[in-house]
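Chemist: Pasting a structure here, questions to come.
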Amino acid sequence: MKLSEIQKILDATVLYGHDRLDDDVFACGAADLMEDVLQATAKGAVLLTGLTTVDVVRICTIMEICAVVFVRGKMPDDSTLELARAYDLPVLSTTRSLFVSCGRLYMQGLRGLDGYW
């Protein structure tokens, strides 16, 4: 699935990374605890989270996550967005909940990471 498809499915706003919307996403992970992200994400996946700190960007970079979508209308502060720009990490935001966002993506064919490791 393309990142642009995820944007449309979630009615998300692109905060950074308009030039990366053609990137492929092979799976989705979702968590608000970063230690869960370290255990349950993989390279090339998109992360859905309600946590908007710079730690999210750092973890995404370490795990080679291809994009982050902030849910529940959460917006990152300037320092988080600047770090995402520095790492060229696409950042989106949706007003949908984490549960609904995951469900909508799953219904459109994007799978979770179960069984990938």
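To be explicit about the labels: the chains of the structure tokens are called A, B, and onward in the order shown, and within each one the residues are counted from 1, while ligands get numbers from 1 in the order they are shown.
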Residues of segment 61-113 of chain A classed as strand (DSSP E) by DSSP on the backbone are to be reported as a count of residues only.

Modeler: 7

Chemist: How would you write, as a ChimeraX atom specification, the set of residues in segment 20-117 of chain A that DSSP gives as alpha helix (DSSP H)?

Modeler: /A:34-40,54-63,78-86,98-107

Chemist: Do you know which residues are at most 8 Å from Cys102 of chain A counting only C-alpha atoms, after dropping those on the same chain fewer than 4 positions away, and could you put them as a list in words?

Modeler: Cys28, Ala30, Leu48, Leu98 and Tyr106 of chain A

Chemist: For the selection you just gave me, I'd like the residues written to a file as an mmCIF file, in the first residue's frame, keeping N, CA, C and O atoms.

Modeler:
```cif
data_model
loop_
_atom_site.group_PDB
_atom_site.id
_atom_site.type_symbol
_atom_site.label_atom_id
_atom_site.label_comp_id
_atom_site.auth_asym_id
_atom_site.auth_seq_id
_atom_site.Cartn_x
_atom_site.Cartn_y
_atom_site.Cartn_z
ATOM 1 N N CYS A 28 1.473 -2.352 9.281
ATOM 2 C CA CYS A 28 1.163 -1.289 10.233
ATOM 3 C C CYS A 28 1.362 -1.791 11.653
ATOM 4 O O CYS A 28 0.984 -2.916 11.979
ATOM 5 N N ALA A 30 0.874 -0.330 15.828
ATOM 6 C CA ALA A 30 0.192 0.715 16.587
ATOM 7 C C ALA A 30 0.508 0.559 18.065
ATOM 8 O O ALA A 30 0.386 -0.543 18.603
ATOM 9 N N LEU A 48 1.238 3.934 13.960
ATOM 10 C CA LEU A 48 0.119 4.757 14.419
ATOM 11 C C LEU A 48 0.260 4.913 15.918
ATOM 12 O O LEU A 48 0.423 3.922 16.633
ATOM 13 N N LEU A 98 -7.108 5.495 17.463
ATOM 14 C CA LEU A 98 -6.148 4.448 17.134
ATOM 15 C C LEU A 98 -6.878 3.192 16.669
ATOM 16 O O LEU A 98 -6.531 2.585 15.663
ATOM 17 N N TYR A 106 -6.795 -2.023 8.037
ATOM 18 C CA TYR A 106 -6.921 -3.472 7.911
ATOM 19 C C TYR A 106 -7.999 -3.837 6.890
ATOM 20 O O TYR A 106 -7.803 -4.716 6.049
#
```

Chemist: Counting only C-alpha atoms, what is within 7 Å of Asp24 of chain A, bar same-chain residues fewer than 2 positions away, as number ranges by chain?

Modeler: A: 1-3, 22, 26

Chemist: Could you tell me which of A:Ile62, A:Val25, A:Leu105, A:Val54 comes closest to Gln39 of chain A if we count only C-alpha atoms?

Modeler: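 The shortest atom-to-atom distance to Gln39 of chain A comes from A:Ile62.
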